[in-house]
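Asker: Sharing final-v3.tsv below, TSV, C-alpha atoms and all ligand atoms:
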```
chain	number	residue	atom	x	y	z
O	240	MET	CA	-12.83	-3.65	-97.82
O	241	THR	CA	-10.79	-4.12	-94.67
O	242	LYS	CA	-9.63	-0.90	-93.17
O	243	SER	CA	-6.21	-1.18	-91.51
O	244	ILE	CA	-5.95	0.88	-88.36
O	245	LYS	CA	-2.65	1.35	-86.55
O	246	LEU	CA	-3.53	0.89	-82.91
O	247	ASN	CA	-1.82	3.01	-80.30
O	248	GLU	CA	-0.25	0.70	-77.68
O	249	PHE	CA	-2.46	2.30	-75.03
O	250	ASP	CA	-5.75	2.11	-76.97
O	251	GLY	CA	-8.39	0.48	-74.80
O	252	CYS	CA	-6.42	0.95	-71.57
O	253	SER	CA	-7.95	2.87	-68.69
O	254	THR	CA	-5.98	5.89	-67.46
O	255	ARG	CA	-5.08	3.98	-64.28
O	256	LEU	CA	-3.77	0.98	-66.22
O	257	ARG	CA	-1.86	3.30	-68.52
O	258	PHE	CA	-0.24	4.97	-65.51
O	259	MET	CA	0.67	1.56	-64.08
O	260	ILE	CA	2.25	0.42	-67.39
O	261	GLU	CA	4.26	3.63	-67.64
O	262	ALA	CA	5.34	3.39	-63.97
O	263	ALA	CA	6.45	-0.24	-64.50
O	264	ARG	CA	8.62	0.90	-67.42
O	265	GLU	CA	10.42	3.55	-65.33
O	266	PRO	CA	13.88	2.34	-64.28
O	267	GLN	CA	13.61	1.26	-60.60
O	268	ARG	CA	17.34	1.17	-59.92
O	269	TYR	CA	20.49	2.92	-61.09
O	270	THR	CA	22.32	1.06	-63.85
O	271	THR	CA	25.15	-1.31	-62.88
O	272	THR	CA	27.67	1.15	-64.36
O	273	ALA	CA	26.25	4.08	-62.33
O	274	ILE	CA	26.35	1.94	-59.15
O	275	LEU	CA	29.94	0.85	-59.82
O	276	LEU	CA	31.11	4.42	-60.51
O	277	HIS	CA	29.30	5.71	-57.38
O	278	TRP	CA	30.90	3.19	-54.98
O	279	LEU	CA	34.33	3.40	-56.60
O	280	SER	CA	34.43	7.18	-56.22
O	281	ALA	CA	32.97	6.99	-52.67
O	282	LEU	CA	35.79	4.63	-51.62
O	283	ALA	CA	38.45	6.69	-53.40
O	284	VAL	CA	37.24	10.01	-51.90
O	285	LEU	CA	37.12	8.59	-48.35
O	286	GLY	CA	40.66	7.24	-48.82
O	287	LEU	CA	41.82	10.60	-50.25
O	288	LEU	CA	40.34	12.56	-47.34
O	289	MET	CA	42.08	10.34	-44.77
O	290	LEU	CA	45.36	10.25	-46.69
O	291	GLY	CA	45.30	14.03	-47.31
O	292	TRP	CA	44.63	14.75	-43.65
O	293	TYR	CA	47.39	12.33	-42.54
O	294	MET	CA	50.11	13.26	-45.05
O	295	ALA	CA	49.76	17.08	-44.90
O	296	ASP	CA	51.66	17.33	-41.57
O	297	LEU	CA	54.32	14.69	-42.23
O	298	PRO	CA	57.95	15.92	-42.13
O	299	LEU	CA	59.82	15.97	-45.43
O	300	SER	CA	60.84	12.34	-46.14
O	301	PRO	CA	60.68	9.72	-48.93
O	302	GLN	CA	57.50	8.40	-47.21
O	303	ARG	CA	55.84	11.84	-47.50
O	304	LEU	CA	56.79	12.12	-51.20
O	305	LYS	CA	55.43	8.62	-51.88
O	306	LEU	CA	52.11	9.37	-50.12
O	307	PHE	CA	51.81	12.73	-51.91
O	308	ASN	CA	52.19	10.92	-55.25
O	309	TRP	CA	49.58	8.26	-54.32
O	310	HIS	CA	47.24	11.05	-53.25
O	311	LYS	CA	47.72	12.91	-56.55
O	312	TRP	CA	47.17	9.76	-58.65
O	313	ALA	CA	44.02	8.80	-56.73
O	314	GLY	CA	42.77	12.42	-56.91
O	315	VAL	CA	43.25	12.65	-60.68
O	316	SER	CA	41.49	9.25	-60.98
O	317	VAL	CA	38.52	10.67	-59.03
O	318	LEU	CA	38.42	13.57	-61.49
O	319	GLY	CA	38.26	11.04	-64.36
O	320	LEU	CA	35.61	8.97	-62.56
O	321	THR	CA	33.49	12.09	-61.97
O	322	LEU	CA	33.64	13.07	-65.64
O	323	MET	CA	32.59	9.51	-66.55
O	324	ARG	CA	29.75	9.64	-64.00
O	325	LEU	CA	28.44	12.93	-65.38
O	326	LEU	CA	28.62	11.65	-68.96
O	327	TRP	CA	26.83	8.42	-67.94
O	328	ARG	CA	24.15	10.34	-66.03
O	329	TRP	CA	23.60	12.63	-68.97
O	330	THR	CA	23.09	9.70	-71.36
O	331	HIS	CA	21.21	7.32	-68.96
O	332	ARG	CA	18.16	8.66	-67.14
O	333	PRO	CA	18.40	7.94	-63.38
O	334	PRO	CA	15.32	6.39	-61.71
O	335	ALA	CA	12.70	8.95	-60.63
O	336	LEU	CA	11.88	9.22	-56.92
O	337	PRO	CA	8.89	7.01	-55.99
O	338	ALA	CA	5.68	9.10	-56.21
O	339	GLU	CA	4.60	8.21	-52.62
O	340	LEU	CA	7.93	9.43	-51.30
O	341	VAL	CA	7.67	12.73	-53.20
O	342	GLY	CA	4.18	13.17	-51.74
O	343	GLN	CA	5.43	12.65	-48.17
O	344	THR	CA	8.52	14.86	-48.47
O	345	GLN	CA	8.64	18.60	-47.80
O	346	ALA	CA	9.61	20.74	-50.81
O	347	TRP	CA	12.64	22.16	-48.94
O	348	GLN	CA	13.95	18.65	-48.28
O	349	LEU	CA	13.73	17.80	-51.99
O	350	ARG	CA	15.52	21.07	-52.82
O	351	LEU	CA	18.22	20.40	-50.20
O	352	ALA	CA	18.82	16.87	-51.57
O	353	ARG	CA	19.14	18.24	-55.12
O	354	ALA	CA	21.46	21.07	-54.01
O	355	THR	CA	23.63	18.57	-52.06
O	356	HIS	CA	23.99	16.32	-55.12
O	357	VAL	CA	24.82	19.20	-57.49
O	358	THR	CA	27.35	20.71	-55.03
O	359	MET	CA	28.99	17.30	-54.47
O	360	TYR	CA	29.45	16.89	-58.24
O	361	GLY	CA	30.87	20.44	-58.41
O	362	LEU	CA	33.34	19.74	-55.58
O	363	LEU	CA	34.29	16.36	-57.06
O	364	LEU	CA	35.48	18.32	-60.10
O	365	LEU	CA	36.88	21.39	-58.32
O	366	VAL	CA	38.82	19.78	-55.43
O	367	PRO	CA	41.05	17.60	-57.66
O	368	LEU	CA	41.51	20.44	-60.17
O	369	ILE	CA	42.61	22.81	-57.37
O	370	GLY	CA	44.95	20.11	-55.96
O	371	TRP	CA	46.44	19.65	-59.43
O	372	ALA	CA	46.79	23.45	-59.88
O	373	TYR	CA	48.47	23.72	-56.46
O	374	SER	CA	50.91	20.96	-57.35
O	375	SER	CA	51.78	22.68	-60.67
O	376	ALA	CA	52.27	26.10	-59.02
O	377	SER	CA	54.53	24.48	-56.39
O	378	GLY	CA	56.75	23.20	-59.21
O	379	PHE	CA	55.74	19.53	-58.98
O	380	SER	CA	54.23	18.40	-62.28
O	381	VAL	CA	51.86	15.44	-61.91
O	382	VAL	CA	53.07	12.19	-63.52
O	383	LEU	CA	50.03	9.90	-63.36
O	384	PHE	CA	50.97	6.49	-61.89
O	385	GLY	CA	54.59	7.48	-62.48
O	386	VAL	CA	54.25	7.00	-66.26
O	387	LEU	CA	51.90	9.59	-67.79
O	388	PRO	CA	53.07	13.24	-67.48
O	389	LEU	CA	50.09	15.59	-67.19
O	390	PRO	CA	50.22	19.24	-68.30
O	391	ASP	CA	50.70	21.92	-65.64
O	392	LEU	CA	47.50	23.83	-64.81
O	393	LEU	CA	49.40	26.87	-63.46
O	394	PRO	CA	52.92	28.24	-64.01
O	395	LYS	CA	55.47	27.62	-61.24
O	396	ASP	CA	54.96	30.43	-58.73
O	397	GLN	CA	55.38	29.88	-54.97
O	398	ALA	CA	53.24	32.88	-53.99
O	399	LEU	CA	50.40	31.62	-56.21
O	400	ALA	CA	50.82	28.10	-54.78
O	401	GLN	CA	50.47	29.43	-51.21
O	402	TRP	CA	47.30	31.27	-52.26
O	403	VAL	CA	45.79	28.17	-53.91
O	404	LYS	CA	46.71	25.66	-51.16
O	405	PRO	CA	44.04	26.56	-48.55
O	406	TRP	CA	41.29	26.39	-51.21
O	407	HIS	CA	42.11	22.73	-51.76
O	408	ALA	CA	41.67	22.05	-48.04
O	409	VAL	CA	38.46	24.17	-47.80
O	410	GLY	CA	36.97	22.34	-50.81
O	411	ALA	CA	38.01	18.91	-49.49
O	412	TYR	CA	36.57	19.46	-45.98
O	413	SER	CA	33.35	20.96	-47.44
O	414	LEU	CA	33.04	17.82	-49.59
O	415	CYS	CA	33.57	15.75	-46.43
O	416	ALA	CA	30.71	17.64	-44.69
O	417	LEU	CA	28.37	17.11	-47.66
O	418	ILE	CA	29.25	13.40	-47.79
O	419	ALA	CA	28.31	13.17	-44.08
O	420	LEU	CA	24.96	14.88	-44.82
O	421	HIS	CA	24.35	12.60	-47.82
O	422	LEU	CA	25.15	9.51	-45.72
O	423	ALA	CA	22.89	10.66	-42.88
O	424	ALA	CA	20.00	11.14	-45.34
O	425	ALA	CA	20.60	7.68	-46.88
O	426	LEU	CA	20.63	6.05	-43.42
O	427	LYS	CA	17.46	7.92	-42.41
O	428	HIS	CA	15.68	6.56	-45.51
O	429	GLN	CA	16.96	3.06	-44.74
O	430	PHE	CA	16.28	2.83	-40.99
O	431	VAL	CA	13.68	5.51	-40.14
O	432	GLY	CA	11.61	5.87	-43.34
O	433	LYS	CA	12.26	2.20	-44.34
O	434	ASP	CA	11.32	3.20	-47.90
O	435	GLY	CA	13.93	1.06	-49.68
O	436	LEU	CA	15.45	4.11	-51.41
O	437	MET	CA	18.99	2.93	-50.68
O	438	ARG	CA	18.32	-0.33	-52.57
O	439	ARG	CA	18.38	1.65	-55.82
O	440	MET	CA	22.12	2.33	-55.36
O	441	TRP	CA	23.00	-0.94	-53.58
O	442	PRO	CA	25.23	-3.29	-55.64
O	443	ALA	CA	22.79	-6.23	-55.26
O	444	ASP	CA	19.03	-5.80	-54.82
O	445	PRO	CA	17.87	-8.28	-52.10
O	446	ALA	CA	14.18	-7.69	-53.00
O	447	ARG	CA	14.81	-8.66	-56.62
O	448	ARG	CA	16.70	-11.80	-55.58
O	449	VAL	CA	13.78	-12.94	-53.42
O	450	ALA	CA	11.35	-12.24	-56.29
O	451	GLN	CA	13.45	-14.34	-58.67
O	452	GLU	CA	13.77	-17.36	-56.38
O	453	PRO	CA	11.61	-20.39	-57.34
O	454	LEU	CA	8.51	-20.72	-55.16
O	455	SER	CA	8.89	-24.49	-54.46
G	501	LIG	C1	38.55	14.35	-54.69
G	501	LIG	C2	39.88	14.50	-54.72
G	501	LIG	C3	40.71	14.99	-53.57
G	501	LIG	C4	40.41	15.08	-52.23
G	501	LIG	C5	39.12	14.70	-51.52
G	501	LIG	C6	41.59	15.62	-51.56
G	501	LIG	C7	41.70	15.85	-50.22
G	501	LIG	C8	42.80	16.42	-49.59
G	501	LIG	C9	42.90	16.72	-48.18
G	501	LIG	C10	41.81	16.48	-47.14
G	501	LIG	C11	44.11	17.27	-47.96
G	501	LIG	C12	44.68	17.80	-46.61
G	501	LIG	C13	44.43	19.28	-46.53
G	501	LIG	C14	44.98	19.85	-45.25
G	501	LIG	O1	44.54	19.41	-44.17
G	501	LIG	O2	45.82	20.75	-45.34
G	501	LIG	C15	44.82	17.31	-49.20
G	501	LIG	C16	46.10	17.77	-49.39
G	501	LIG	C17	46.78	17.77	-50.59
G	501	LIG	N1	46.28	17.41	-51.84
G	501	LIG	FE1	44.44	16.65	-52.18
G	501	LIG	N2	42.56	15.85	-52.52
G	501	LIG	C18	42.07	15.48	-53.74
G	501	LIG	C19	42.72	15.55	-54.96
G	501	LIG	C20	44.02	16.01	-55.15
G	501	LIG	C21	44.71	16.07	-56.41
G	501	LIG	C22	44.13	15.65	-57.77
G	501	LIG	C23	45.94	16.59	-56.18
G	501	LIG	C24	47.08	16.88	-57.13
G	501	LIG	C25	47.17	16.40	-58.34
G	501	LIG	C26	46.04	16.84	-54.76
G	501	LIG	C27	47.16	17.36	-54.13
G	501	LIG	C28	47.25	17.60	-52.78
G	501	LIG	C29	48.47	18.07	-52.13
G	501	LIG	C30	49.79	18.38	-52.82
G	501	LIG	C31	48.16	18.19	-50.77
G	501	LIG	C32	49.10	18.60	-49.64
G	501	LIG	C33	48.98	20.06	-49.36
G	501	LIG	C34	50.15	20.44	-48.47
G	501	LIG	O3	50.05	20.24	-47.27
G	501	LIG	O4	51.14	20.89	-49.02
G	501	LIG	N3	44.86	16.48	-54.17
G	501	LIG	N4	43.99	16.80	-50.19
```
Mind turning the file's structure into structure tokens?

Answerer:
Amino acid sequence: MTKSIKLNEFDGCSTRLRFMIEAAREPQRYTTTAILLHWLSALAVLGLLMLGWYMADLPLSPQRLKLFNWHKWAGVSVLGLTLMRLLWRWTHRPPALPAELVGQTQAWQLRLARATHVTMYGLLLLVPLIGWAYSSASGFSVVLFGVLPLPDLLPKDQALAQWVKPWHAVGAYSLCALIALHLAAALKHQFVGKDGLMRRMWPADPARRVAQEPLS
């Protein structure tokens, strides 16, 4: 009588080989969607910071009103992009840090990187929400792209608006400082550590292209 045995996929593999198979299955890069959302929001936030800084001191004019509207539309879009990013991240596991890199990095550096990422996500939600709340309290409801009226987050109240306003600026400039820290860390990995970490978030992976080219 033949006995049928269901083999485990790892049966017969040494522990080392098993580790290598599992490591090869780990995603090495962020998904195309995660990369697209990351660079879209990076561009939008940099534009928003520059526009916000420029427009805040403009004298009352049609130009100022137009720029304020563009700023609000782009800001609400960043809020939407951030919600999409968080949903995507929650449903698609990001690539783990390479084991050698974890081994070479101090625990406080890993904690700082994690705290920076979490705080950036928090500010990417809070800064647009506070801007939207400020706009509502000032009596200017947001009409997204001039066609979609959004609900007011606060009742019209000038005193409340003046209280909320500086928090939008504090949040925005704190986000700017964290982006600078995040960029400095990415550049350090790229040019000092030369560990290829940045490739995981780069739109095209040069290493993969070389590997796919025919050898002839
Ligand atoms: C990630 C998103 C956003 C960023 C990074 C950002 C950034 C900024 C910055 C840097 C300023 C100038 C602050 C100052 O120097 O006083 C500003 C001002 C402003 N923002 Fe935003 N903003 C964002 C989203 C929004 C949203 C969604 C709204 C409203 C719907 C909004 C409404 C405003 C308004 C009305 C001002 C002018 C404040 C004033 O001078 O009266 N912002 N923003």

Asker: May I ask for the distance between atom CA of Pro266 of chain O and atom CA of Ile418 of chain O, given in Å to one decimal place?

Answerer: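 One can read the atom CA of Pro266 of chain O to atom CA of Ile418 of chain O distance as 25.1 Å.
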
Asker: Would you name the residues within 8 Å of ligand LIG 501 (chain G), counting only C-alpha atoms and all ligand atoms, and put them as a VMD selection string?

Answerer: chain O and resid 283 to 285 287 to 296 307 310 to 318 362 to 364 366 to 374 381 404 to 405 407 to 412 414 to 415

Asker: Can you tell me, as JSON, the centre and edge lengths (Å, one decimal) of the axis-aligned box enclosing all of segment 337-346 of chain O's listed atoms after padding each side by 6 Å?

Answerer:
```
{"center_x": 6.9, "center_y": 13.9, "center_z": -52.0, "size_x": 17.4, "size_y": 25.7, "size_z": 20.4}
```

Asker: Using Å and a single decimal, report how far atom CA of Gly385 of chain O sits from atom CA of Pro298 of chain O.

Answerer: 22.3 Å

Asker: Atom CA of Leu392 of chain O and atom CA of Leu417 of chain O, how far apart in Å?

Answerer: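 Atom-to-atom, atom CA of Leu417 of chain O to atom CA of Leu392 of chain O, that is 26.6 Å.
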
Asker: Applying 9 Å and only C-alpha atoms, which residues near Thr272 of chain O remain after dropping the ones on its own chain fewer than 4 positions away? List them as a PDB file with C-alpha atoms, in the frame of the given file.

Answerer:
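And here's selection_33.pdb as it stands now:
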```pdb
ATOM      1  CA  LEU O 276      31.110   4.420 -60.510  1.00  0.00           C
ATOM      2  CA  HIS O 277      29.300   5.710 -57.380  1.00  0.00           C
ATOM      3  CA  ARG O 324      29.750   9.640 -64.000  1.00  0.00           C
ATOM      4  CA  TRP O 327      26.830   8.420 -67.940  1.00  0.00           C
TER       5      TRP O 327
END
```

Asker: Between O:Glu339, O:Val382, O:His356, O:Ser377, which one has atoms that come closest to Gly432 of chain O, using all atoms listed in the file?

Answerer: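 Selected residue with least distance to Gly432 of chain O: O:Glu339.
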
Asker: Hey, which of O:Pro442, O:Gly378, O:Pro301, O:Pro337 ends up closest to Ile274 of chain O? Count all atoms listed in the file.

Answerer: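 Ranked by minimum distance to Ile274 of chain O, first place goes to O:Pro442.
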
Asker: Please identify all polymer residues within 9 Å of segment 433-437 of chain O, counting only C-alpha atoms, omitting same-chain residues fewer than 6 positions from it, and present them as a list in words.

Answerer: Leu336, Pro337, Leu340, Ala425, Leu426 and Lys427 of chain O

Asker: Which is closest to Val386 of chain O among O:Leu349, O:Asn308, O:Leu399, O:Leu322, if we use only C-alpha atoms?

Answerer: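 Under the stated criterion, the closest residue is O:Asn308.
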